[in-house]
Amino acid sequence: MSDMWRLLKLLRGEWRWGLAGVGLSAVVSLANTALLGLSGWFIAAMALAGHGGPMIEYFTPAAAIRGLAILRTVGRYLERLVTHDATFRLLTRLRVWFYTRLEPLAPARLQQYRSGDLLSRIRADIDSLETFYLRVFVPGAAALIATPLMGAFLAWISPRVAGVDMVGLALAGVAVPLLAQRLGHRPGGEAVALRGRLTADIADLTRGFAELTVDQALASQMARCEETGVAQLGAQRRLAGIGAAGSVLGGLVAQLSLWLVLLLTLPLADGERLSGPDIAMLGLLVLASFEITAPLPAAFKALGEIMAAARRIFEIADAVPATRDPARPEAAPRRFDVRVDGLTLRYGEGQPNVLEHLSFHVPQGGCLGIVGPSGAGKTSLLNVLLRFLEFQSGAVEIGGVPLGALEGETVRGLCAVVAQRTHLFNTSIRENLLVARPNATDAELHEALRQAALLNEVRAMPEGLETIVGEGGRNLSGGQARRIAIARAVLKDAPILLLDEPTEGLDAHSEQAVLEALTRLMRHRTTLLVTHRPQALRLADKVLNLGVCYGTSPP
Amino acid sequence: MATHAPPMSRATAKRLNAWLRGRAKPVRAALLGAVTAGSCGGLLLVAQAWALARIVDGVVTRHLGLAATWPWLWALLGIFAARALAGVASERLAFAAAAGAKQTLRRELHAKLASLGTSSVQGQASGALAALLTDGLDKLDQYYSAYLPQAALAMFIPAALLAFAFPADWVSGLIMLASAPLIPLFMVIVGKGAEQLNQRQWRRLARMSAHFFDVIEGLTTLKLFNASRIEARIVERMSDEYRHSVMAVLRVAFLSALVLEFFATLSIAMIAVYIGFRLYYGEMSLLPGFYVLLLAPEFYRPLRAMGTQHHARMEAVAAAEQIVALLETPAPERLSTQGKLPDARIRMISLEGVDFSYRSGQPVLRGIDLTLKQGERVALIGPSGGGKSTLARLLLGLATPDAGRIVVDGVDLRGIDPQGWFARVAWLPQAPTIFHGSIAENLRLAKPDATETELRAAAEAAGAAGFIERLPRGYDSLVGEHGQGLSGGEIRRLALARALLKDADLLILDEADASLDAAAAAAVNHAVATQTRDRAVLVIAHRLESVADADRIVVLADGRVVETGTPAELRARPGAYAAALAAYGGAA
């Protein structure tokens with residue numbers, strides 16, 4: 001329930017638009033109900049008058065019928081406009097809110113979510129949260145407003161009819177959907193799980209198509225996909241059956257309410273306690289009132305998914321950042337040697353130490369090579385230096401200033417990073433370079449590319465700097481992507497360089513080109529170079545083997 | 001996927017719609033059943049209106065009490081029950097139709113893929129193909145379970161209601177008849193104009209979402225450049241701009257929906273008012289009047305429902321475009337496959353003047369001559385993009401040369417039954433796939449009857465036994481999409497074990513020792529060498545140091561063999577290999 005409350009609080013910023021949408025939605029459904037009820041009354045009363053019954057003033061109801069028809073259609077138009085506008089406003093708020101919560105968490109706190117493929121999950125969850133207003137809030141709140149008004153009007157004529165209608169609406173709008181949801185819980189879960197398995201099986205089939213062909217296992221993998229497909233259809237069939245039963249049951253409740261209302265009101269006609277036209281109106285009003293709760297089953301179904309998504313999103317948003325900026329930060333240092341003294345790091349309480357009593361000193365302009373088996377904490381060490389990770393004990397200083405006394409942004413302003421994996425944004429090469437220096441001129445961009453040994457290749461591309469790099473940089477080769485990262489480092493022109501396996505996974509020619517570019521970049525910069533490529537290690541003045549320390553001067 | 005696809009032409013959309021309808025033939029019985037049940041529901045609605053009108057007429061004009069009304073009340077109950085049954089039956093049958101259509105289509109697509117071979121699935125296209133086989137097929141669901149039955153009902157129910165309304169009151173029937181064509185007309189306008197704008201906006205929304213998630217993925221990179229806080233404002237600005245532009249479109253798009261509803265609602269109101277006045281002047285009795293009033297909204301309901309099904313149709317047509325394109329891809333021609341390979345180990349495989357290109361005008365391999373002998377270890381090196389992996393695909397039989405030929409012990413590879421050839425080759429691709437399942441299942445892919453001992457031996461040789469045995473469930477550990485996460489190096493070693501387990505005559509290893517440290521790489525190379533002593537082995541390497549112990553090195557650059565010889569010969573000769581080695585600093 002508290003998740004729901006938080007979700008509503010996120011909507012609060014746009015409450016005017018949000019409530020206007022709900023109000024219009026309630027008006028539309030009431031106008032629709034009134035239209036049918038009034039038409040029924042009008043026809044019956046006119047017939048009665050035509051048969052020599054009491055004369056009526058027909059001008060007003062006839063105009064009201066036309067008015068309600070117009071109110072209904074125009075209201076519906078406005079409702080759609082307002083609710084869509086509100087949805088987009090909320091979408092903006094939600095994304096900005098989530099982004100600002102996520103930003104301090106990267107990268108240390110987000111790594112722990114990696115396992116479940118954080119990004120695709122966030123994507124689906126945010127998409128699902130964005131529909132909360134339109135799919136759940138508007139129909140739910142509108143029904144909460146319209147139903148009591150409807151009940152009050154009916155009660156004014158006949159409390160018993162009102163009672164029947166309210167019970168019917170509660171059954172059709174709440175009890176039946178909840179029941180269907182409960183029954184659908186298991187097949188729903190199965191359908192989702194089988195859908196996941198089918199996706200995995202098909203991904204295996206398409207990704208491993210060549211291997212399956214060579215290994216003559218194509219037919220068996222296809223048979224497996226078909227089998228999973230059939231199983232998934234089975235679960236979906238059960239789910240659809242429950243859904244259909246629910247909607248039919250909802251309809252039946254509406255019809256039975258009408259029936260009961262007839263049963264209750266027909267005897268009243270005898271004693272003239274209710275007129276014939278009133279009975280016609282009551283019957284039609286009750287029948288039409290079920291349009292108020294018609295969207296609720298879908299809303300309940302969406303609510304389950306959305307609350308699960310909200311729980312996951314809030315869990316991420318509530319994570320505590322790995323580092324905290326000092327209350328009174330020091331100014332940036334003026335020297336750029338790096339000193340690490342007795343550094344001990346672990347990821348959490350009770351976890352084993354990743355780094356233990358590590359000490360080294362890199363003089364300004366020097367280059368320290370760092371080697372060690374995977375899992376030795378090489379990348380974690382760089383993350384400590386970038387103030388992405390807090391350490392447990394020891395001291396880390398840049399230019400004599402303790403790292404903890406500096407703001408994260410200050411520290412990161414001093415460091416340029418070239419990593420094995422650098423994210424390239426799905427935009428042009430130019431935009432990707434401008435991340436490092438937003439106001440760089442074309443001449444500066446060209447110079448950076450030249451230093452990164454990439455200029456000729458970029459010039460050879462038909463679109464040059466405007467070439468779109470594709471999702472995750474897939475239009476570029478691994479070596480080109482790496483050299484874009486180097487060009488960014490050139491543009492950033494920071495005094496400290498952190499290189500994390502800068503040549504891993506490149507072929508000999510690309511490795512050579514990257515190494516040459518790095519050699520130029522490292523001149524006059526303090527460098528920490530993590531690698532296990534012997535060619536790259538030649539750039540280092542000293543080598544630190546994590547675990548075993550040799551070749552470094554004692555701190 | 002195809003986010004920048006141009007809008008489809010009308011002719012194409014029409015053709016695809018016809019194709020989709022044609023696909024309904026195998027499930028015609030179920031569809032017909034769904035429509036019949038739906039039609040029964042529609043007719044029951046008429047009966048319900050009549051019964052209700054009788055009751056109201058009884059109480060208003062004839063002052064009948066409850067007692068006299070009971071038969072009609074019972075009839076109403078019966079009608080309600082019958083409508084419920086018809087509703088359930090209709091939904092069930094519609095689902096069965098969609099499920100059946102989907103299942104047959106999946107089988108057909110699989111058969112097509114198998115006949116097309118790997119040319120249909122390459123590199124980046126694999127994700128798009130997977131999306132087609134999952135989401136693409138799902139998008140057809142609504143077409144068969146909702147759109148098609150609804151389209152039939154939208155024809156039948158209004159016509160039936162009209163037929164029942166006319167005898168009761170022909171003027172109201174005329175109003176309905178006159179206003180009805182306006183609704184499909186406006187639906188066409190909605191479909192042609194606004195829907196297209198809508199589609200464009202949805203694509204924009206998709207692009208904006210893609211940007212948002214791109215930013216989230218690159219958050220660390222943005223933080224490194226202290227650019228992450230600015231990005232929040234960019235996200236806000238982009239969303240706001242999107243809102244403004246999309247609302248401008250929606251104001252118009254919703255307008256056509258407004259006109260649509262306006263006609264339906266106003267017609268009902270007109271009928272009500274008109275009937276009212278005729279009743280007032282005694283030109284009509286209440287029974288037919290009330291009956292027609294009840295029928296009027298039901299007359300428009302299926303027509304309006306079609307509007308909401310329009311989207312399902314658009315989606316299905318878009319998905320069908322890709323499905324049809326795949327199904328209509330011509331299968332590659334096959335020569336007669338009468339050539340027989342000897343049962344013994346293959347002794348010699350040669351490429352004779354082989355040319356190959358994926359797209360005409362962009363040759364990948366040119367005039368390749370190369371021979372692999374039994375027991376020989378040949379290393380293929382050269383810059384990336386030089387054609388090494390393509391050459392491997394040709395040797396594996398996954399692609400055929402444009403010119404020249406591949407000869408296996410005197411027989412042209414094109415004349416050999418592909419399955420017979422696949423049984424003779426094993427392959428470690430550059431980016432191996434780990435399939436969802438246990439490690440043992442993954443290893444047994446090519447040799448389902450391999451014994452435990454054979455599994456262990458292969459894993460041992462590939463340097464994979466260590467990490468497999470450290471896993472909590474050893475060889476039974478689940479890997480792949482939902483299983484144990486494996487590192488890149490572990491995946492390669494597992495795939496190497498898989499390749500070694502297959503007792504093939506030709507082994508092609510694309511970077512067997514990548515992501516291994518020097519000692520482990522040496523151990524793996526040694527183990528592979530001993531395991532494959534009587535087979536031909538082609539090793540593709542990006543790094544020079546890993547090929548120093550090959551029997552022969554072939555240097556491939558720009559699609560040509562530029563150098564070939566033993567490692568010692570090549571070192572001595574002033575060529576590409578020696579130059580690369582020198583640039584490298586003689587690490588090998």
# chains A, B, ... in the order shown; residues from 1 in each chain; ligands from 1

$ residues_around --residues "stretch 196-213 of chain A" --least-positions-apart "6" --cutoff "9 Å" --atoms "only C-alpha atoms" --output "PDB file with N, CA, C and O atoms, in the first residue's frame"
ATOM      1  N   ALA A 219      16.924 -29.025 -36.091  1.00  0.00           N
ATOM      2  CA  ALA A 219      15.561 -29.561 -36.007  1.00  0.00           C
ATOM      3  C   ALA A 219      15.134 -29.732 -34.556  1.00  0.00           C
ATOM      4  O   ALA A 219      13.988 -29.423 -34.195  1.00  0.00           O
ATOM      5  N   GLN A 221      16.210 -28.088 -31.936  1.00  0.00           N
ATOM      6  CA  GLN A 221      15.980 -26.789 -31.295  1.00  0.00           C
ATOM      7  C   GLN A 221      14.644 -26.201 -31.758  1.00  0.00           C
ATOM      8  O   GLN A 221      13.909 -25.609 -30.973  1.00  0.00           O
ATOM      9  N   MET A 222      14.322 -26.381 -33.028  1.00  0.00           N
ATOM     10  CA  MET A 222      13.039 -25.878 -33.542  1.00  0.00           C
ATOM     11  C   MET A 222      11.875 -26.614 -32.876  1.00  0.00           C
ATOM     12  O   MET A 222      10.871 -25.998 -32.510  1.00  0.00           O
ATOM     13  N   ARG A 224      11.906 -27.855 -30.009  1.00  0.00           N
ATOM     14  CA  ARG A 224      11.831 -27.349 -28.643  1.00  0.00           C
ATOM     15  C   ARG A 224      11.057 -26.033 -28.592  1.00  0.00           C
ATOM     16  O   ARG A 224      10.237 -25.823 -27.698  1.00  0.00           O
ATOM     17  N   CYS A 225      11.334 -25.152 -29.557  1.00  0.00           N
ATOM     18  CA  CYS A 225      10.612 -23.874 -29.612  1.00  0.00           C
ATOM     19  C   CYS A 225       9.115 -24.125 -29.808  1.00  0.00           C
ATOM     20  O   CYS A 225       8.277 -23.485 -29.175  1.00  0.00           O
ATOM     21  N   GLU A 226       8.787 -25.051 -30.729  1.00  0.00           N
ATOM     22  CA  GLU A 226       7.374 -25.328 -30.998  1.00  0.00           C
ATOM     23  C   GLU A 226       6.683 -25.877 -29.755  1.00  0.00           C
ATOM     24  O   GLU A 226       5.553 -25.509 -29.432  1.00  0.00           O
ATOM     25  N   THR A 228       7.553 -25.390 -26.584  1.00  0.00           N
ATOM     26  CA  THR A 228       7.350 -24.311 -25.621  1.00  0.00           C
ATOM     27  C   THR A 228       6.207 -23.414 -26.074  1.00  0.00           C
ATOM     28  O   THR A 228       5.404 -22.967 -25.259  1.00  0.00           O
ATOM     29  N   GLY A 229       6.130 -23.183 -27.390  1.00  0.00           N
ATOM     30  CA  GLY A 229       5.058 -22.355 -27.933  1.00  0.00           C
ATOM     31  C   GLY A 229       3.690 -22.953 -27.625  1.00  0.00           C
ATOM     32  O   GLY A 229       2.769 -22.245 -27.217  1.00  0.00           O
ATOM     33  N   GLN A 232       2.942 -22.565 -23.981  1.00  0.00           N
ATOM     34  CA  GLN A 232       2.582 -21.181 -23.663  1.00  0.00           C
ATOM     35  C   GLN A 232       1.130 -20.903 -24.074  1.00  0.00           C
ATOM     36  O   GLN A 232       0.382 -20.271 -23.338  1.00  0.00           O
TER      37      GLN A 232
ATOM     38  N   ALA B 114      14.911 -23.393 -42.035  1.00  0.00           N
ATOM     39  CA  ALA B 114      15.765 -24.553 -42.237  1.00  0.00           C
ATOM     40  C   ALA B 114      16.155 -24.664 -43.710  1.00  0.00           C
ATOM     41  O   ALA B 114      17.312 -24.970 -44.023  1.00  0.00           O
ATOM     42  N   GLY B 117      18.699 -21.861 -44.647  1.00  0.00           N
ATOM     43  CA  GLY B 117      20.037 -22.016 -44.095  1.00  0.00           C
ATOM     44  C   GLY B 117      20.529 -20.737 -43.461  1.00  0.00           C
ATOM     45  O   GLY B 117      19.764 -19.791 -43.232  1.00  0.00           O
ATOM     46  N   THR B 118      21.826 -20.685 -43.200  1.00  0.00           N
ATOM     47  CA  THR B 118      22.364 -19.580 -42.400  1.00  0.00           C
ATOM     48  C   THR B 118      22.334 -18.259 -43.128  1.00  0.00           C
ATOM     49  O   THR B 118      22.495 -17.222 -42.506  1.00  0.00           O
ATOM     50  N   VAL B 121      20.011 -15.899 -41.532  1.00  0.00           N
ATOM     51  CA  VAL B 121      20.249 -15.466 -40.157  1.00  0.00           C
ATOM     52  C   VAL B 121      21.710 -15.103 -40.024  1.00  0.00           C
ATOM     53  O   VAL B 121      22.541 -15.969 -39.831  1.00  0.00           O
ATOM     54  N   GLN B 122      22.003 -13.852 -40.139  1.00  0.00           N
ATOM     55  CA  GLN B 122      23.410 -13.524 -39.954  1.00  0.00           C
ATOM     56  C   GLN B 122      23.621 -12.287 -39.119  1.00  0.00           C
ATOM     57  O   GLN B 122      22.938 -11.295 -39.307  1.00  0.00           O
ATOM     58  N   GLY B 123      24.577 -12.387 -38.217  1.00  0.00           N
ATOM     59  CA  GLY B 123      25.021 -11.239 -37.434  1.00  0.00           C
ATOM     60  C   GLY B 123      23.891 -10.510 -36.753  1.00  0.00           C
ATOM     61  O   GLY B 123      23.140 -11.076 -35.983  1.00  0.00           O
ATOM     62  N   ALA B 125      21.133  -9.431 -37.761  1.00  0.00           N
ATOM     63  CA  ALA B 125      19.752  -9.750 -38.105  1.00  0.00           C
ATOM     64  C   ALA B 125      19.146 -10.751 -37.126  1.00  0.00           C
ATOM     65  O   ALA B 125      17.937 -10.894 -37.077  1.00  0.00           O
ATOM     66  N   SER B 126      19.975 -11.441 -36.360  1.00  0.00           N
ATOM     67  CA  SER B 126      19.440 -12.506 -35.502  1.00  0.00           C
ATOM     68  C   SER B 126      18.473 -11.952 -34.459  1.00  0.00           C
ATOM     69  O   SER B 126      17.472 -12.575 -34.152  1.00  0.00           O
ATOM     70  N   GLY B 127      18.781 -10.750 -33.938  1.00  0.00           N
ATOM     71  CA  GLY B 127      17.867 -10.150 -32.961  1.00  0.00           C
ATOM     72  C   GLY B 127      16.528  -9.822 -33.608  1.00  0.00           C
ATOM     73  O   GLY B 127      15.473 -10.070 -33.030  1.00  0.00           O
ATOM     74  N   LEU B 129      15.218 -11.253 -36.191  1.00  0.00           N
ATOM     75  CA  LEU B 129      14.518 -12.498 -36.502  1.00  0.00           C
ATOM     76  C   LEU B 129      13.863 -13.064 -35.240  1.00  0.00           C
ATOM     77  O   LEU B 129      12.717 -13.524 -35.271  1.00  0.00           O
ATOM     78  N   ALA B 130      14.590 -13.000 -34.130  1.00  0.00           N
ATOM     79  CA  ALA B 130      14.024 -13.486 -32.870  1.00  0.00           C
ATOM     80  C   ALA B 130      12.788 -12.678 -32.509  1.00  0.00           C
ATOM     81  O   ALA B 130      11.773 -13.228 -32.084  1.00  0.00           O
ATOM     82  N   ALA B 131      12.862 -11.357 -32.721  1.00  0.00           N
ATOM     83  CA  ALA B 131      11.705 -10.499 -32.430  1.00  0.00           C
ATOM     84  C   ALA B 131      10.532 -10.878 -33.324  1.00  0.00           C
ATOM     85  O   ALA B 131       9.383 -10.882 -32.891  1.00  0.00           O
ATOM     86  N   LEU B 133       9.887 -13.836 -34.533  1.00  0.00           N
ATOM     87  CA  LEU B 133       9.345 -15.133 -34.113  1.00  0.00           C
ATOM     88  C   LEU B 133       8.611 -15.057 -32.773  1.00  0.00           C
ATOM     89  O   LEU B 133       7.853 -15.968 -32.437  1.00  0.00           O
ATOM     90  N   THR B 134       8.846 -13.995 -32.009  1.00  0.00           N
ATOM     91  CA  THR B 134       8.133 -13.859 -30.732  1.00  0.00           C
ATOM     92  C   THR B 134       7.068 -12.763 -30.847  1.00  0.00           C
ATOM     93  O   THR B 134       5.893 -13.048 -31.020  1.00  0.00           O
ATOM     94  N   ARG B 393      33.371 -20.039 -42.840  1.00  0.00           N
ATOM     95  CA  ARG B 393      31.976 -20.360 -43.168  1.00  0.00           C
ATOM     96  C   ARG B 393      31.882 -21.172 -44.447  1.00  0.00           C
ATOM     97  O   ARG B 393      31.067 -22.078 -44.574  1.00  0.00           O
ATOM     98  N   LEU B 398      28.513 -23.473 -44.737  1.00  0.00           N
ATOM     99  CA  LEU B 398      27.430 -22.557 -44.383  1.00  0.00           C
ATOM    100  C   LEU B 398      27.193 -21.556 -45.505  1.00  0.00           C
ATOM    101  O   LEU B 398      26.191 -20.857 -45.527  1.00  0.00           O
ATOM    102  N   GLN B 419      23.993 -32.487 -44.731  1.00  0.00           N
ATOM    103  CA  GLN B 419      23.989 -33.140 -43.416  1.00  0.00           C
ATOM    104  C   GLN B 419      25.199 -34.061 -43.275  1.00  0.00           C
ATOM    105  O   GLN B 419      25.815 -34.148 -42.221  1.00  0.00           O
ATOM    106  N   PHE B 422      28.134 -31.783 -42.534  1.00  0.00           N
ATOM    107  CA  PHE B 422      28.111 -31.219 -41.186  1.00  0.00           C
ATOM    108  C   PHE B 422      28.574 -32.250 -40.162  1.00  0.00           C
ATOM    109  O   PHE B 422      29.146 -31.906 -39.131  1.00  0.00           O
ATOM    110  N   TRP B 427      33.249 -26.832 -35.044  1.00  0.00           N
ATOM    111  CA  TRP B 427      33.507 -25.393 -35.192  1.00  0.00           C
ATOM    112  C   TRP B 427      33.415 -24.702 -33.843  1.00  0.00           C
ATOM    113  O   TRP B 427      32.459 -24.895 -33.105  1.00  0.00           O
ATOM    114  N   LEU B 428      34.416 -23.912 -33.555  1.00  0.00           N
ATOM    115  CA  LEU B 428      34.327 -22.985 -32.427  1.00  0.00           C
ATOM    116  C   LEU B 428      34.197 -21.595 -33.029  1.00  0.00           C
ATOM    117  O   LEU B 428      35.170 -21.062 -33.553  1.00  0.00           O
ATOM    118  N   PRO B 429      32.996 -21.008 -33.019  1.00  0.00           N
ATOM    119  CA  PRO B 429      32.851 -19.682 -33.636  1.00  0.00           C
ATOM    120  C   PRO B 429      33.494 -18.599 -32.786  1.00  0.00           C
ATOM    121  O   PRO B 429      33.829 -18.830 -31.618  1.00  0.00           O
ATOM    122  N   PRO B 432      30.680 -17.725 -29.578  1.00  0.00           N
ATOM    123  CA  PRO B 432      29.871 -18.946 -29.447  1.00  0.00           C
ATOM    124  C   PRO B 432      28.579 -18.697 -28.671  1.00  0.00           C
ATOM    125  O   PRO B 432      28.496 -17.772 -27.869  1.00  0.00           O
ATOM    126  N   THR B 433      27.598 -19.522 -28.937  1.00  0.00           N
ATOM    127  CA  THR B 433      26.311 -19.425 -28.240  1.00  0.00           C
ATOM    128  C   THR B 433      26.261 -20.488 -27.158  1.00  0.00           C
ATOM    129  O   THR B 433      26.620 -21.638 -27.393  1.00  0.00           O
ATOM    130  N   ILE B 434      25.822 -20.074 -25.986  1.00  0.00           N
ATOM    131  CA  ILE B 434      25.556 -21.060 -24.935  1.00  0.00           C
ATOM    132  C   ILE B 434      24.037 -21.198 -24.883  1.00  0.00           C
ATOM    133  O   ILE B 434      23.324 -20.218 -24.762  1.00  0.00           O
ATOM    134  N   PHE B 435      23.574 -22.420 -25.012  1.00  0.00           N
ATOM    135  CA  PHE B 435      22.133 -22.636 -25.093  1.00  0.00           C
ATOM    136  C   PHE B 435      21.550 -22.810 -23.706  1.00  0.00           C
ATOM    137  O   PHE B 435      22.219 -23.308 -22.796  1.00  0.00           O
ATOM    138  N   HIS B 436      20.286 -22.403 -23.597  1.00  0.00           N
ATOM    139  CA  HIS B 436      19.590 -22.554 -22.328  1.00  0.00           C
ATOM    140  C   HIS B 436      19.450 -24.038 -22.015  1.00  0.00           C
ATOM    141  O   HIS B 436      18.877 -24.782 -22.790  1.00  0.00           O
ATOM    142  N   LEU B 445      25.538 -31.248 -27.572  1.00  0.00           N
ATOM    143  CA  LEU B 445      24.748 -30.728 -28.689  1.00  0.00           C
ATOM    144  C   LEU B 445      24.980 -31.532 -29.971  1.00  0.00           C
ATOM    145  O   LEU B 445      24.049 -31.948 -30.647  1.00  0.00           O
ATOM    146  N   ALA B 446      26.249 -31.748 -30.304  1.00  0.00           N
ATOM    147  CA  ALA B 446      26.547 -32.406 -31.582  1.00  0.00           C
ATOM    148  C   ALA B 446      26.682 -33.908 -31.425  1.00  0.00           C
ATOM    149  O   ALA B 446      26.744 -34.647 -32.393  1.00  0.00           O
ATOM    150  N   GLY B 480      23.042 -20.410 -19.798  1.00  0.00           N
ATOM    151  CA  GLY B 480      22.225 -19.742 -20.813  1.00  0.00           C
ATOM    152  C   GLY B 480      21.369 -18.667 -20.193  1.00  0.00           C
ATOM    153  O   GLY B 480      21.563 -18.295 -19.036  1.00  0.00           O
ATOM    154  N   GLU B 481      20.411 -18.180 -20.963  1.00  0.00           N
ATOM    155  CA  GLU B 481      19.600 -17.011 -20.621  1.00  0.00           C
ATOM    156  C   GLU B 481      19.214 -16.924 -19.140  1.00  0.00           C
ATOM    157  O   GLU B 481      19.434 -15.929 -18.489  1.00  0.00           O
ATOM    158  N   HIS B 482      18.615 -17.988 -18.618  1.00  0.00           N
ATOM    159  CA  HIS B 482      18.134 -17.891 -17.242  1.00  0.00           C
ATOM    160  C   HIS B 482      19.001 -18.677 -16.266  1.00  0.00           C
ATOM    161  O   HIS B 482      18.608 -18.926 -15.146  1.00  0.00           O
TER     162      HIS B 482
END

$ residues_around --residues "A:Arg109" --least-positions-apart "5" --cutoff "8 Å" --atoms "only C-alpha atoms" --output "mmCIF file with N, CA and C atoms, in the first residue's frame"
data_model
loop_
_atom_site.group_PDB
_atom_site.id
_atom_site.type_symbol
_atom_site.label_atom_id
_atom_site.label_comp_id
_atom_site.auth_asym_id
_atom_site.auth_seq_id
_atom_site.Cartn_x
_atom_site.Cartn_y
_atom_site.Cartn_z
ATOM 1 N N ALA A 319 18.049 2.854 -3.124
ATOM 2 C CA ALA A 319 19.408 2.425 -2.783
ATOM 3 C C ALA A 319 20.231 3.638 -2.358
ATOM 4 N N VAL A 320 21.136 3.423 -1.416
ATOM 5 C CA VAL A 320 21.957 4.519 -0.902
ATOM 6 C C VAL A 320 23.205 4.615 -1.773
ATOM 7 N N PRO A 321 23.548 5.821 -2.223
ATOM 8 C CA PRO A 321 24.749 5.949 -3.049
ATOM 9 C C PRO A 321 25.979 5.392 -2.334
ATOM 10 N N ALA A 322 26.921 4.884 -3.122
ATOM 11 C CA ALA A 322 28.103 4.242 -2.544
ATOM 12 C C ALA A 322 29.038 5.263 -1.902
#

$ closest_residue --among "A:Leu284, A:Leu491, A:Ala244, A:Ala309" --to "chain B" --atoms "only C-alpha atoms"
A:Ala244

$ select_by_dssp --residues "stretch 368-418 of chain A" --states "strand (DSSP E or B)" --output "PyMOL selection string"
chain A and resi 368-371+393-398+401-402+415-418

$ closest_residue --among "B:Val425, B:Met348, B:Leu500, B:Ala296" --to "B:Thr265" --atoms "only C-alpha atoms"
B:Ala296

$ closest_residue --among "A:Leu287, A:Ala327, A:Leu178, A:Val401" --to "A:Ala299" --atoms "only C-alpha atoms"
A:Leu178

$ closest_residue --among "A:Arg273, A:Arg533, A:Arg328, A:Arg430" --to "chain B" --atoms "only C-alpha atoms"
A:Arg533

$ select_by_dssp --residues "stretch 292-379 of chain A" --states "alpha helix (DSSP H)" --output "list in words"
Ile292, Thr293, Leu296, Pro297, Ala298, Ala299, Phe300, Lys301, Ala302, Leu303, Gly304, Glu305, Ile306, Met307, Ala308, Ala309, Ala310, Arg311, Arg312, Ile313, Phe314, Glu315, Ile316, Ala317, Lys378 and Thr379 of chain A

$ atom_distance --atom1 "atom CA of A:Val411" --atom2 "atom CA of A:Arg387"
7.0 Å

$ residues_around --residues "stretch 497-512 of chain A" --least-positions-apart "5" --cutoff "9 Å" --atoms "only C-alpha atoms" --output "PyMOL selection string"
(chain A and resi 378-379+382+385+414-421+478-480+482+489+517-518+521-522+525-533+535-536) or (chain B and resi 382-384+514-515+541-544+580+583-584)

$ residues_around --residues "A:Gln181" --least-positions-apart "2" --cutoff "9 Å" --atoms "only C-alpha atoms" --output "NGL selection string"
:A and (176-179 or 183-185 or 188 or 242-243 or 297 or 300-301 or 304)

$ closest_residue --among "B:Glu261, B:Asp534, B:Glu241, B:Glu298" --to "chain A" --atoms "only C-alpha atoms"
B:Glu261

$ closest_residue --among "A:Asp278, A:Asp341, A:Asp442, A:Glu397" --to "A:Leu355" --atoms "only C-alpha atoms"
A:Asp341

$ atom_distance --atom1 "atom CA of B:Ala461" --atom2 "atom CA of B:Ala392"
22.5 Å

$ residues_around --residues "A:Leu144" --least-positions-apart "3" --cutoff "10 Å" --atoms "only C-alpha atoms" --output "JSON, numbers by chain"
{"A": [22, 26, 138, 139, 140, 141, 147, 148, 149, 292, 293]}

$ residues_around --residues "B:Thr530" --least-positions-apart "4" --cutoff "12 Å" --atoms "only C-alpha atoms" --output "ChimeraX atom specification"
/B:375-377,458,461-462,500,523-526,534-535,537
